[in-house]
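Chemist: Below is the file protein18.txt, with compact mmCIF, C-alpha atoms.
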```
# COMPACT_ATOMS: atom_id res chain seq x y z
CA MET A 1 -21.19 5.79 -12.07
CA PRO A 2 -22.86 5.58 -8.66
CA GLY A 3 -20.72 4.12 -5.90
CA VAL A 4 -17.43 4.59 -7.77
CA ARG A 5 -14.69 6.16 -5.70
CA LYS A 6 -12.68 8.54 -7.86
CA THR A 7 -9.13 8.16 -6.57
CA LEU A 8 -5.79 9.90 -6.85
CA LEU A 9 -2.63 7.84 -6.38
CA SER A 10 0.46 9.20 -4.67
CA TRP A 11 3.12 8.42 -7.29
CA SER A 12 6.79 8.43 -6.28
CA SER A 13 7.84 6.97 -9.67
CA GLY A 14 8.85 3.74 -7.92
CA LYS A 15 7.82 0.10 -7.98
CA ASP A 16 5.43 0.21 -4.99
CA SER A 17 3.41 3.04 -6.54
CA ALA A 18 3.08 1.07 -9.76
CA TRP A 19 2.01 -2.07 -7.91
CA ALA A 20 -0.56 -0.07 -5.95
CA LEU A 21 -1.99 1.11 -9.28
CA HIS A 22 -2.05 -2.49 -10.54
CA LEU A 23 -4.04 -3.61 -7.49
CA LEU A 24 -6.39 -0.62 -7.55
CA ARG A 25 -7.28 -1.27 -11.17
CA GLN A 26 -8.43 -4.75 -10.18
CA GLN A 27 -10.83 -3.45 -7.52
CA GLN A 28 -14.43 -2.85 -8.42
CA GLY A 29 -15.77 0.53 -7.41
CA ILE A 30 -12.45 2.37 -7.74
CA GLU A 31 -11.49 4.62 -10.62
CA VAL A 32 -7.95 5.95 -10.50
CA CYS A 33 -8.11 9.41 -12.05
CA GLY A 34 -4.58 10.75 -11.67
CA LEU A 35 -1.10 10.51 -10.21
CA VAL A 36 0.23 13.00 -7.64
CA THR A 37 3.99 13.56 -7.67
CA THR A 38 6.07 16.08 -5.74
CA PHE A 39 8.95 17.69 -7.60
CA ASN A 40 12.00 19.55 -6.38
CA THR A 41 11.45 22.57 -8.62
CA SER A 42 15.04 23.78 -8.59
CA ALA A 43 16.38 20.37 -9.66
CA ASN A 44 13.38 19.53 -11.88
CA ARG A 45 13.34 16.05 -10.38
CA VAL A 46 11.13 13.91 -8.14
CA ALA A 47 11.69 14.69 -4.49
CA MET A 48 13.92 11.99 -2.87
CA HIS A 49 13.98 9.61 -5.84
CA ALA A 50 15.75 12.31 -7.93
CA VAL A 51 14.16 11.08 -11.17
CA ARG A 52 13.92 13.53 -14.06
CA ARG A 53 10.50 15.15 -14.51
CA SER A 54 10.37 14.11 -18.17
CA LEU A 55 10.58 10.44 -17.20
CA VAL A 56 7.68 10.73 -14.76
CA GLU A 57 5.66 12.43 -17.47
CA ALA A 58 6.49 9.46 -19.73
CA GLN A 59 5.32 7.07 -16.99
CA ALA A 60 2.00 8.91 -16.68
CA GLU A 61 1.51 8.81 -20.43
CA SER A 62 2.19 5.07 -20.56
CA VAL A 63 -0.20 4.24 -17.71
CA GLY A 64 -2.82 6.57 -19.22
CA LEU A 65 -3.32 8.95 -16.30
CA ALA A 66 -3.08 12.68 -15.71
CA LEU A 67 -0.04 13.77 -13.70
CA TRP A 68 -0.74 16.21 -10.89
CA GLN A 69 2.62 17.93 -10.43
CA VAL A 70 3.25 19.47 -7.01
CA GLU A 71 6.09 21.99 -7.00
CA LEU A 72 8.28 22.08 -3.89
CA PRO A 73 11.07 24.59 -3.20
CA TRP A 74 14.47 23.39 -2.03
CA PRO A 75 14.96 23.36 0.83
CA CYS A 76 11.32 22.76 1.76
CA SER A 77 10.01 22.98 5.31
CA ASN A 78 7.39 20.52 6.49
CA ALA A 79 4.96 23.40 6.92
CA GLU A 80 5.45 24.45 3.29
CA TYR A 81 5.05 20.85 2.13
CA GLU A 82 1.80 20.45 4.05
CA GLU A 83 0.44 23.75 2.73
CA ARG A 84 1.04 22.68 -0.87
CA MET A 85 -0.45 19.25 -0.32
CA ALA A 86 -3.51 20.83 1.32
CA ALA A 87 -4.00 22.81 -1.90
CA VAL A 88 -3.91 19.54 -3.83
CA CYS A 89 -6.59 18.13 -1.53
CA ARG A 90 -8.83 21.15 -2.09
CA ARG A 91 -8.44 20.82 -5.84
CA ALA A 92 -9.19 17.10 -5.65
CA VAL A 93 -12.42 17.62 -3.72
CA ALA A 94 -13.48 20.35 -6.14
CA GLU A 95 -12.99 17.90 -9.01
CA GLY A 96 -15.07 15.16 -7.41
CA ILE A 97 -12.19 13.03 -6.11
CA THR A 98 -13.14 11.08 -2.99
CA ALA A 99 -9.99 9.10 -2.10
CA VAL A 100 -6.19 9.22 -2.19
CA ALA A 101 -4.18 5.99 -2.38
CA PHE A 102 -0.64 5.39 -1.16
CA GLY A 103 1.95 2.67 -1.78
CA ASP A 104 3.00 2.35 1.87
CA LEU A 105 3.77 -1.17 3.03
CA PHE A 106 4.11 -1.39 6.80
CA LEU A 107 5.46 1.76 8.50
CA GLU A 108 2.72 2.62 10.99
CA GLU A 109 3.95 6.17 11.63
CA ILE A 110 3.83 7.03 7.92
CA ARG A 111 0.32 5.66 7.59
CA ALA A 112 -0.82 7.55 10.69
CA TYR A 113 0.62 10.77 9.23
CA ARG A 114 -1.25 10.28 5.95
CA GLU A 115 -4.51 9.61 7.78
CA LYS A 116 -4.03 12.67 9.97
CA GLN A 117 -3.35 14.95 6.99
CA LEU A 118 -6.45 13.74 5.13
CA ALA A 119 -8.75 13.88 8.16
CA GLY A 120 -11.49 16.41 7.55
CA THR A 121 -10.61 16.99 3.89
CA GLY A 122 -13.38 14.82 2.49
CA LEU A 123 -10.78 12.43 1.05
CA GLU A 124 -10.46 8.83 2.19
CA PRO A 125 -6.94 7.35 2.48
CA LEU A 126 -6.45 3.98 0.75
CA PHE A 127 -3.50 1.61 1.23
CA PRO A 128 -3.80 -1.14 -1.40
CA VAL A 129 -0.42 -2.82 -0.74
CA TRP A 130 -0.47 -2.45 3.04
CA GLY A 131 0.59 -5.50 5.03
CA ILE A 132 1.70 -7.67 2.11
CA PRO A 133 4.90 -9.48 3.26
CA THR A 134 7.64 -7.64 1.41
CA ALA A 135 9.76 -10.66 0.50
CA ALA A 136 6.81 -12.25 -1.28
CA LEU A 137 5.72 -8.89 -2.72
CA GLY A 138 9.09 -8.22 -4.34
CA ARG A 139 9.08 -11.61 -6.08
CA GLU A 140 5.46 -11.18 -7.17
CA MET A 141 6.21 -7.83 -8.80
CA ILE A 142 9.10 -9.35 -10.72
CA ARG A 143 7.09 -12.39 -11.84
CA ALA A 144 4.37 -10.06 -13.14
CA GLY A 145 6.89 -8.37 -15.41
CA GLN A 146 7.43 -5.21 -13.40
CA LYS A 147 10.86 -3.73 -14.04
CA ALA A 148 12.64 -1.06 -12.03
CA LEU A 149 16.04 0.49 -11.43
CA ILE A 150 17.56 1.46 -8.08
CA THR A 151 17.81 5.27 -8.20
CA CYS A 152 18.83 6.08 -4.64
CA VAL A 153 20.67 4.21 -1.88
CA ASP A 154 21.16 5.13 1.75
CA PRO A 155 24.77 3.99 2.21
CA SER A 156 24.30 3.75 5.98
CA LYS A 157 21.84 0.89 5.33
CA LEU A 158 22.94 -0.65 2.02
CA ASP A 159 26.20 -0.72 0.08
CA GLU A 160 26.40 2.06 -2.50
CA SER A 161 27.21 -0.48 -5.23
CA TYR A 162 23.48 -1.24 -5.42
CA ALA A 163 22.77 2.19 -6.95
CA GLY A 164 21.80 1.79 -10.58
CA ARG A 165 21.07 -1.94 -10.39
CA SER A 166 17.91 -3.56 -11.73
CA TYR A 167 15.33 -4.65 -9.20
CA ASP A 168 15.26 -8.34 -10.06
CA ASP A 169 15.63 -11.79 -8.51
CA GLY A 170 19.40 -11.46 -8.50
CA LEU A 171 19.22 -8.27 -6.49
CA LEU A 172 16.76 -9.78 -4.01
CA ASP A 173 19.01 -12.81 -3.60
CA ALA A 174 21.99 -10.54 -2.89
CA LEU A 175 20.36 -8.15 -0.40
CA PRO A 176 21.65 -8.42 3.17
CA ALA A 177 19.16 -9.88 5.65
CA SER A 178 19.04 -6.49 7.42
CA VAL A 179 17.58 -4.78 4.34
CA ASP A 180 13.88 -4.89 3.60
CA PRO A 181 13.27 -6.55 0.20
CA CYS A 182 11.17 -3.58 -0.90
CA GLY A 183 13.37 -0.93 0.71
CA GLU A 184 10.51 0.20 2.94
CA ASN A 185 12.87 1.40 5.67
CA GLY A 186 14.49 3.85 3.26
CA GLU A 187 17.36 1.58 2.25
CA PHE A 188 16.75 2.29 -1.44
CA HIS A 189 14.30 3.88 -3.87
CA THR A 190 13.39 2.86 -7.41
CA PHE A 191 12.15 4.03 -10.79
CA VAL A 192 9.68 1.66 -12.46
CA HIS A 193 9.87 1.52 -16.25
CA ASP A 194 7.71 -1.44 -17.24
CA GLY A 195 5.02 -3.70 -15.86
CA PRO A 196 1.36 -4.64 -16.05
CA VAL A 197 0.10 -1.06 -15.71
CA PHE A 198 2.20 0.22 -18.63
CA SER A 199 0.89 0.32 -22.19
CA ARG A 200 4.52 0.22 -23.28
CA GLY A 201 7.81 -0.04 -21.42
CA LEU A 202 10.14 2.95 -21.19
CA GLU A 203 13.61 2.63 -22.73
CA VAL A 204 15.90 3.70 -19.90
CA ARG A 205 19.28 2.91 -18.40
CA SER A 206 21.28 3.85 -15.34
CA GLY A 207 23.63 6.77 -15.90
CA GLU A 208 25.95 8.82 -13.72
CA ILE A 209 26.22 7.92 -10.05
CA VAL A 210 26.70 10.80 -7.61
CA LYS A 211 26.91 11.20 -3.83
CA ARG A 212 24.85 14.03 -2.40
CA ASP A 213 23.29 14.91 0.96
CA GLY A 214 24.33 11.59 2.49
CA PHE A 215 22.78 9.47 -0.28
CA VAL A 216 24.02 7.80 -3.45
CA PHE A 217 21.97 8.56 -6.56
CA ALA A 218 21.98 6.79 -9.93
CA ASP A 219 20.66 9.00 -12.69
CA VAL A 220 18.04 7.37 -14.91
CA VAL A 221 18.57 8.26 -18.55
CA GLY A 222 15.79 7.98 -21.11
```
I need this file expressed as structure tokens, please.

Modeler:
Amino acid sequence: MPGVRKTLLSWSSGKDSAWALHLLRQQQGIEVCGLVTTFNTSANRVAMHAVRRSLVEAQAESVGLALWQVELPWPCSNAEYEERMAAVCRRAVAEGITAVAFGDLFLEEIRAYREKQLAGTGLEPLFPVWGIPTAALGREMIRAGQKALITCVDPSKLDESYAGRSYDDGLLDALPASVDPCGENGEFHTFVHDGPVFSRGLEVRSGEIVKRDGFVFADVVG
């Protein structure tokens, strides 16, 4: 179709990625063609969110999109990360992709980094949820039926007891005022398992909680 921007979506497995997909699918002239997720190859889990690869594959199947899996060693230098992402960009251009979308909300330095990395690649960066007030955004996601679990907590910013909890109105009501309602400052990360972009919800629960590398992780069990 002429004028349609074929788009990849950076997919962390969390709620903001899913909401970005929801908004993109409502925009005329955009066709989301796939999800890009980075995996810690040695752990077989999503980098940072620590979600099992099989669950991300189940997400991709439910939302009806191909999953572009990017393998990262552990530890992974920034140079190695950028080299592997550059390879993804080259593949995307070769396949007729013209844009990459991200679920970033308001961190200017993160957005500037994305724009810098895509400059000159032939890929346009898109930020469909950018600038939406996060308190309102969190409630809107919940009202729309989006469901997620807290998979990772930074205990220096949020009490570790939040690991494994559902992202719902009760959690938002309980969050300290110092914590962003969407966790955009790294206070917490999520795994989304149902919502308007899913053809069917995933049957999951929070499992073992472990402390590692200064973070508290709640395993998501399918």

Chemist: With distances taken over only C-alpha atoms, which residue among A:Ala99, A:Ala87, A:Ala47, A:Glu82 lies nearest Cys33 of chain A?

Modeler: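 Nearest to Cys33 of chain A: A:Ala99.
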
Chemist: Given the choices A:Gly3, A:Gly103, A:Gly145, A:Pro125, which gets closest to Phe198 of chain A if the distance is worked out from only C-alpha atoms?

Modeler: A:Gly145

Chemist: Given the choices A:Ser206, A:Ser54, A:Gln69, A:Thr41, which gets closest to Met85 of chain A if the distance is worked out from only C-alpha atoms?

Modeler: A:Gln69

Chemist: Can you pull out the residues contacting segment 180-182 of chain A? Cut-off 7 Å, using all atoms listed in the file, and skip same-chain residues under 6 positions away; I want them as an NGL selection string.

Modeler: :A and (134-135 or 138 or 172)

Chemist: Using all atoms listed in the file, pick whichever of A:Val197, A:Leu72, A:Ala136, A:Ala144 has the shortest atom-to-atom distance to Ala43 of chain A.

Modeler: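 Comparing A:Val197, A:Leu72, A:Ala136, A:Ala144 against Ala43 of chain A, the winner is A:Leu72.
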
Chemist: Please work out which residues fall within 12 Å of (9.7, 19.7, 3.8), coordinates as given in the file, with only C-alpha atoms counting, and return them as number ranges by chain.

Modeler: A: 38-40, 47-48, 71-85

Chemist: Take the residues from that selection and put them in a file with C-alpha atoms, as a PDB file, in the coordinates of the input.

Modeler:
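Output file out.pdb follows:
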```
ATOM      1  CA  THR A  38       6.070  16.080  -5.740  1.00  0.00           C
ATOM      2  CA  PHE A  39       8.950  17.690  -7.600  1.00  0.00           C
ATOM      3  CA  ASN A  40      12.000  19.550  -6.380  1.00  0.00           C
ATOM      4  CA  ALA A  47      11.690  14.690  -4.490  1.00  0.00           C
ATOM      5  CA  MET A  48      13.920  11.990  -2.870  1.00  0.00           C
ATOM      6  CA  GLU A  71       6.090  21.990  -7.000  1.00  0.00           C
ATOM      7  CA  LEU A  72       8.280  22.080  -3.890  1.00  0.00           C
ATOM      8  CA  PRO A  73      11.070  24.590  -3.200  1.00  0.00           C
ATOM      9  CA  TRP A  74      14.470  23.390  -2.030  1.00  0.00           C
ATOM     10  CA  PRO A  75      14.960  23.360   0.830  1.00  0.00           C
ATOM     11  CA  CYS A  76      11.320  22.760   1.760  1.00  0.00           C
ATOM     12  CA  SER A  77      10.010  22.980   5.310  1.00  0.00           C
ATOM     13  CA  ASN A  78       7.390  20.520   6.490  1.00  0.00           C
ATOM     14  CA  ALA A  79       4.960  23.400   6.920  1.00  0.00           C
ATOM     15  CA  GLU A  80       5.450  24.450   3.290  1.00  0.00           C
ATOM     16  CA  TYR A  81       5.050  20.850   2.130  1.00  0.00           C
ATOM     17  CA  GLU A  82       1.800  20.450   4.050  1.00  0.00           C
ATOM     18  CA  GLU A  83       0.440  23.750   2.730  1.00  0.00           C
ATOM     19  CA  ARG A  84       1.040  22.680  -0.870  1.00  0.00           C
ATOM     20  CA  MET A  85      -0.450  19.250  -0.320  1.00  0.00           C
TER      21      MET A  85
END
```

Chemist: Counting all atoms listed in the file, note down every residue that has an atom within 12 Å of the point (-2.9, -2.6, -2.1) (file coordinates), as a list of chain:residue names.

Modeler: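 Within 12 Å of (-2.9, -2.6, -2.1), the protein and nucleic acid residues are A:Leu9, A:Asp16, A:Ser17, A:Ala18, A:Trp19, A:Ala20, A:Leu21, A:His22, A:Leu23, A:Leu24, A:Arg25, A:Gln26, A:Gln27, A:Ala101, A:Phe102, A:Gly103, A:Asp104, A:Leu105, A:Phe106, A:Pro125, A:Leu126, A:Phe127, A:Pro128, A:Val129, A:Trp130, A:Gly131, A:Ile132, A:Pro133, A:Leu137.
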
Chemist: Could you state the separation of atom CA of Ala174 of chain A and atom CA of Gly186 of chain A in Å, given to one decimal place?

Modeler: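 Between these atoms lies a distance of 17.4 Å.
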
Chemist: Which residues, written as a list in words, have at least one atom at most 7 Å from Val204 of chain A, with all atoms listed in the file counted and residues fewer than 4 positions away on the same chain left out?

Modeler: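 In the requested form, the answer reads Val220, Val221 and Gly222 of chain A.
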
Chemist: Separation of atom CA of Leu123 of chain A and atom CA of Gly29 of chain A, in Å?

Modeler: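 Interatomic distance here is 15.4 Å.
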
Chemist: So what do you get for atom CA of Cys152 of chain A versus atom CA of Thr190 of chain A, distance-wise?

Modeler: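 Atom CA of Cys152 of chain A sits 6.9 Å away from atom CA of Thr190 of chain A.
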
Chemist: Counting all atoms listed in the file, figure out which residue out of A:Lys15, A:His49, A:Lys157, A:Arg90 gets nearest to Gly195 of chain A.

Modeler: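 Closest residue, counting all atoms listed in the file: A:Lys15.
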
Chemist: Using only C-alpha atoms, which of the listed residues (A:Gln117, A:Ser161, A:Thr7, A:Ser199) sits closest to Ala58 of chain A?

Modeler: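 Answer, going by the shortest atom-to-atom distance: A:Ser199.
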
Chemist: Using all atoms listed in the file, which protein or nucleic acid residues come within 7 Å of Glu31 of chain A? Drop anything in the same chain fewer than 6 positions from it, and give the result as a ChimeraX atom specification.

Modeler: /A:4-7

Chemist: Mind dumping the selected residues with C-alpha atoms as a compact mmCIF listing (two decimals), keeping the file's coordinate frame?

Modeler:
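Written output follows (part.txt):
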```txt
# COMPACT_ATOMS: atom_id res chain seq x y z
CA VAL A 4 -17.43 4.59 -7.77
CA ARG A 5 -14.69 6.16 -5.70
CA LYS A 6 -12.68 8.54 -7.86
CA THR A 7 -9.13 8.16 -6.57
```

Chemist: Using the file's own x, y and z axes, so that the box edges lie along x, y and z, what centre and edge lengths in Å (one decimal) does a box around every listed atom of segment 174-180 of chain A get when 5 Å is added on each side? Give it as lines of an AutoDock Vina configuration file.

Modeler:
```
center_x = 17.9
center_y = -7.7
center_z = 2.3
size_x = 18.1
size_y = 15.8
size_z = 20.3
```

Chemist: Just want the 12 Å neighbourhood of Val192 of chain A, counted on all atoms listed in the file, with same-chain residues fewer than 6 positions away dropped. Output as a ChimeraX atom specification.

Modeler: /A:11-19,49,51,55-56,58-60,62-63,141-142,145-151,166-168,198,201-205,220

Chemist: Rebuild N, CA and C atoms on segment 76-106 of chain A, as a PDB file, in the coordinates of the input?

Modeler:
```pdb
ATOM      1  N   CYS A  76      12.762  22.634   1.540  1.00  0.00           N
ATOM      2  CA  CYS A  76      11.320  22.760   1.760  1.00  0.00           C
ATOM      3  C   CYS A  76      10.996  22.362   3.191  1.00  0.00           C
ATOM      4  N   SER A  77      10.402  23.288   3.935  1.00  0.00           N
ATOM      5  CA  SER A  77      10.010  22.980   5.310  1.00  0.00           C
ATOM      6  C   SER A  77       8.792  22.066   5.302  1.00  0.00           C
ATOM      7  N   ASN A  78       8.567  21.382   6.403  1.00  0.00           N
ATOM      8  CA  ASN A  78       7.390  20.520   6.490  1.00  0.00           C
ATOM      9  C   ASN A  78       6.110  21.342   6.406  1.00  0.00           C
ATOM     10  N   ALA A  79       6.138  22.536   6.969  1.00  0.00           N
ATOM     11  CA  ALA A  79       4.960  23.400   6.920  1.00  0.00           C
ATOM     12  C   ALA A  79       4.636  23.783   5.477  1.00  0.00           C
ATOM     13  N   GLU A  80       5.655  24.102   4.692  1.00  0.00           N
ATOM     14  CA  GLU A  80       5.450  24.450   3.290  1.00  0.00           C
ATOM     15  C   GLU A  80       4.923  23.249   2.507  1.00  0.00           C
ATOM     16  N   TYR A  81       5.507  22.081   2.791  1.00  0.00           N
ATOM     17  CA  TYR A  81       5.050  20.850   2.130  1.00  0.00           C
ATOM     18  C   TYR A  81       3.570  20.606   2.417  1.00  0.00           C
ATOM     19  N   GLU A  82       3.186  20.716   3.682  1.00  0.00           N
ATOM     20  CA  GLU A  82       1.800  20.450   4.050  1.00  0.00           C
ATOM     21  C   GLU A  82       0.848  21.470   3.443  1.00  0.00           C
ATOM     22  N   GLU A  83       1.285  22.710   3.333  1.00  0.00           N
ATOM     23  CA  GLU A  83       0.440  23.750   2.730  1.00  0.00           C
ATOM     24  C   GLU A  83       0.178  23.424   1.254  1.00  0.00           C
ATOM     25  N   ARG A  84       1.203  22.988   0.560  1.00  0.00           N
ATOM     26  CA  ARG A  84       1.040  22.680  -0.870  1.00  0.00           C
ATOM     27  C   ARG A  84       0.211  21.421  -1.077  1.00  0.00           C
ATOM     28  N   MET A  85       0.364  20.453  -0.194  1.00  0.00           N
ATOM     29  CA  MET A  85      -0.450  19.250  -0.320  1.00  0.00           C
ATOM     30  C   MET A  85      -1.904  19.530   0.041  1.00  0.00           C
ATOM     31  N   ALA A  86      -2.137  20.453   0.979  1.00  0.00           N
ATOM     32  CA  ALA A  86      -3.510  20.830   1.320  1.00  0.00           C
ATOM     33  C   ALA A  86      -4.202  21.465   0.109  1.00  0.00           C
ATOM     34  N   ALA A  87      -3.438  22.217  -0.680  1.00  0.00           N
ATOM     35  CA  ALA A  87      -4.000  22.810  -1.900  1.00  0.00           C
ATOM     36  C   ALA A  87      -4.382  21.720  -2.901  1.00  0.00           C
ATOM     37  N   VAL A  88      -3.579  20.665  -2.963  1.00  0.00           N
ATOM     38  CA  VAL A  88      -3.910  19.540  -3.830  1.00  0.00           C
ATOM     39  C   VAL A  88      -5.211  18.888  -3.374  1.00  0.00           C
ATOM     40  N   CYS A  89      -5.367  18.737  -2.072  1.00  0.00           N
ATOM     41  CA  CYS A  89      -6.590  18.130  -1.530  1.00  0.00           C
ATOM     42  C   CYS A  89      -7.811  18.963  -1.872  1.00  0.00           C
ATOM     43  N   ARG A  90      -7.686  20.271  -1.766  1.00  0.00           N
ATOM     44  CA  ARG A  90      -8.830  21.150  -2.090  1.00  0.00           C
ATOM     45  C   ARG A  90      -9.182  21.031  -3.566  1.00  0.00           C
ATOM     46  N   ARG A  91      -8.175  20.990  -4.412  1.00  0.00           N
ATOM     47  CA  ARG A  91      -8.440  20.820  -5.840  1.00  0.00           C
ATOM     48  C   ARG A  91      -9.114  19.479  -6.111  1.00  0.00           C
ATOM     49  N   ALA A  92      -8.633  18.433  -5.434  1.00  0.00           N
ATOM     50  CA  ALA A  92      -9.190  17.100  -5.650  1.00  0.00           C
ATOM     51  C   ALA A  92     -10.677  17.058  -5.295  1.00  0.00           C
ATOM     52  N   VAL A  93     -11.016  17.607  -4.143  1.00  0.00           N
ATOM     53  CA  VAL A  93     -12.420  17.620  -3.720  1.00  0.00           C
ATOM     54  C   VAL A  93     -13.268  18.405  -4.714  1.00  0.00           C
ATOM     55  N   ALA A  94     -12.739  19.528  -5.178  1.00  0.00           N
ATOM     56  CA  ALA A  94     -13.480  20.350  -6.140  1.00  0.00           C
ATOM     57  C   ALA A  94     -13.726  19.612  -7.450  1.00  0.00           C
ATOM     58  N   GLU A  95     -12.854  18.659  -7.773  1.00  0.00           N
ATOM     59  CA  GLU A  95     -12.990  17.900  -9.010  1.00  0.00           C
ATOM     60  C   GLU A  95     -13.700  16.563  -8.819  1.00  0.00           C
ATOM     61  N   GLY A  96     -14.278  16.360  -7.640  1.00  0.00           N
ATOM     62  CA  GLY A  96     -15.070  15.160  -7.410  1.00  0.00           C
ATOM     63  C   GLY A  96     -14.279  13.942  -6.972  1.00  0.00           C
ATOM     64  N   ILE A  97     -13.004  14.133  -6.634  1.00  0.00           N
ATOM     65  CA  ILE A  97     -12.190  13.030  -6.110  1.00  0.00           C
ATOM     66  C   ILE A  97     -12.643  12.727  -4.684  1.00  0.00           C
ATOM     67  N   THR A  98     -12.692  11.440  -4.339  1.00  0.00           N
ATOM     68  CA  THR A  98     -13.140  11.080  -2.990  1.00  0.00           C
ATOM     69  C   THR A  98     -12.102  10.290  -2.195  1.00  0.00           C
ATOM     70  N   ALA A  99     -10.988   9.904  -2.816  1.00  0.00           N
ATOM     71  CA  ALA A  99      -9.990   9.100  -2.100  1.00  0.00           C
ATOM     72  C   ALA A  99      -8.591   9.383  -2.644  1.00  0.00           C
ATOM     73  N   VAL A 100      -7.601   9.144  -1.787  1.00  0.00           N
ATOM     74  CA  VAL A 100      -6.190   9.220  -2.190  1.00  0.00           C
ATOM     75  C   VAL A 100      -5.526   7.922  -1.746  1.00  0.00           C
ATOM     76  N   ALA A 101      -4.829   7.270  -2.671  1.00  0.00           N
ATOM     77  CA  ALA A 101      -4.180   5.990  -2.380  1.00  0.00           C
ATOM     78  C   ALA A 101      -2.674   6.180  -2.254  1.00  0.00           C
ATOM     79  N   PHE A 102      -2.072   5.321  -1.421  1.00  0.00           N
ATOM     80  CA  PHE A 102      -0.640   5.390  -1.160  1.00  0.00           C
ATOM     81  C   PHE A 102      -0.032   3.994  -1.285  1.00  0.00           C
ATOM     82  N   GLY A 103       1.251   3.942  -1.635  1.00  0.00           N
ATOM     83  CA  GLY A 103       1.950   2.670  -1.780  1.00  0.00           C
ATOM     84  C   GLY A 103       2.705   2.240  -0.549  1.00  0.00           C
ATOM     85  N   ASP A 104       2.314   2.726   0.625  1.00  0.00           N
ATOM     86  CA  ASP A 104       3.000   2.350   1.870  1.00  0.00           C
ATOM     87  C   ASP A 104       2.782   0.880   2.186  1.00  0.00           C
ATOM     88  N   LEU A 105       3.792   0.271   2.798  1.00  0.00           N
ATOM     89  CA  LEU A 105       3.770  -1.170   3.030  1.00  0.00           C
ATOM     90  C   LEU A 105       3.544  -1.569   4.481  1.00  0.00           C
ATOM     91  N   PHE A 106       4.305  -0.959   5.411  1.00  0.00           N
ATOM     92  CA  PHE A 106       4.110  -1.390   6.800  1.00  0.00           C
ATOM     93  C   PHE A 106       4.524  -0.368   7.861  1.00  0.00           C
TER      94      PHE A 106
END
```
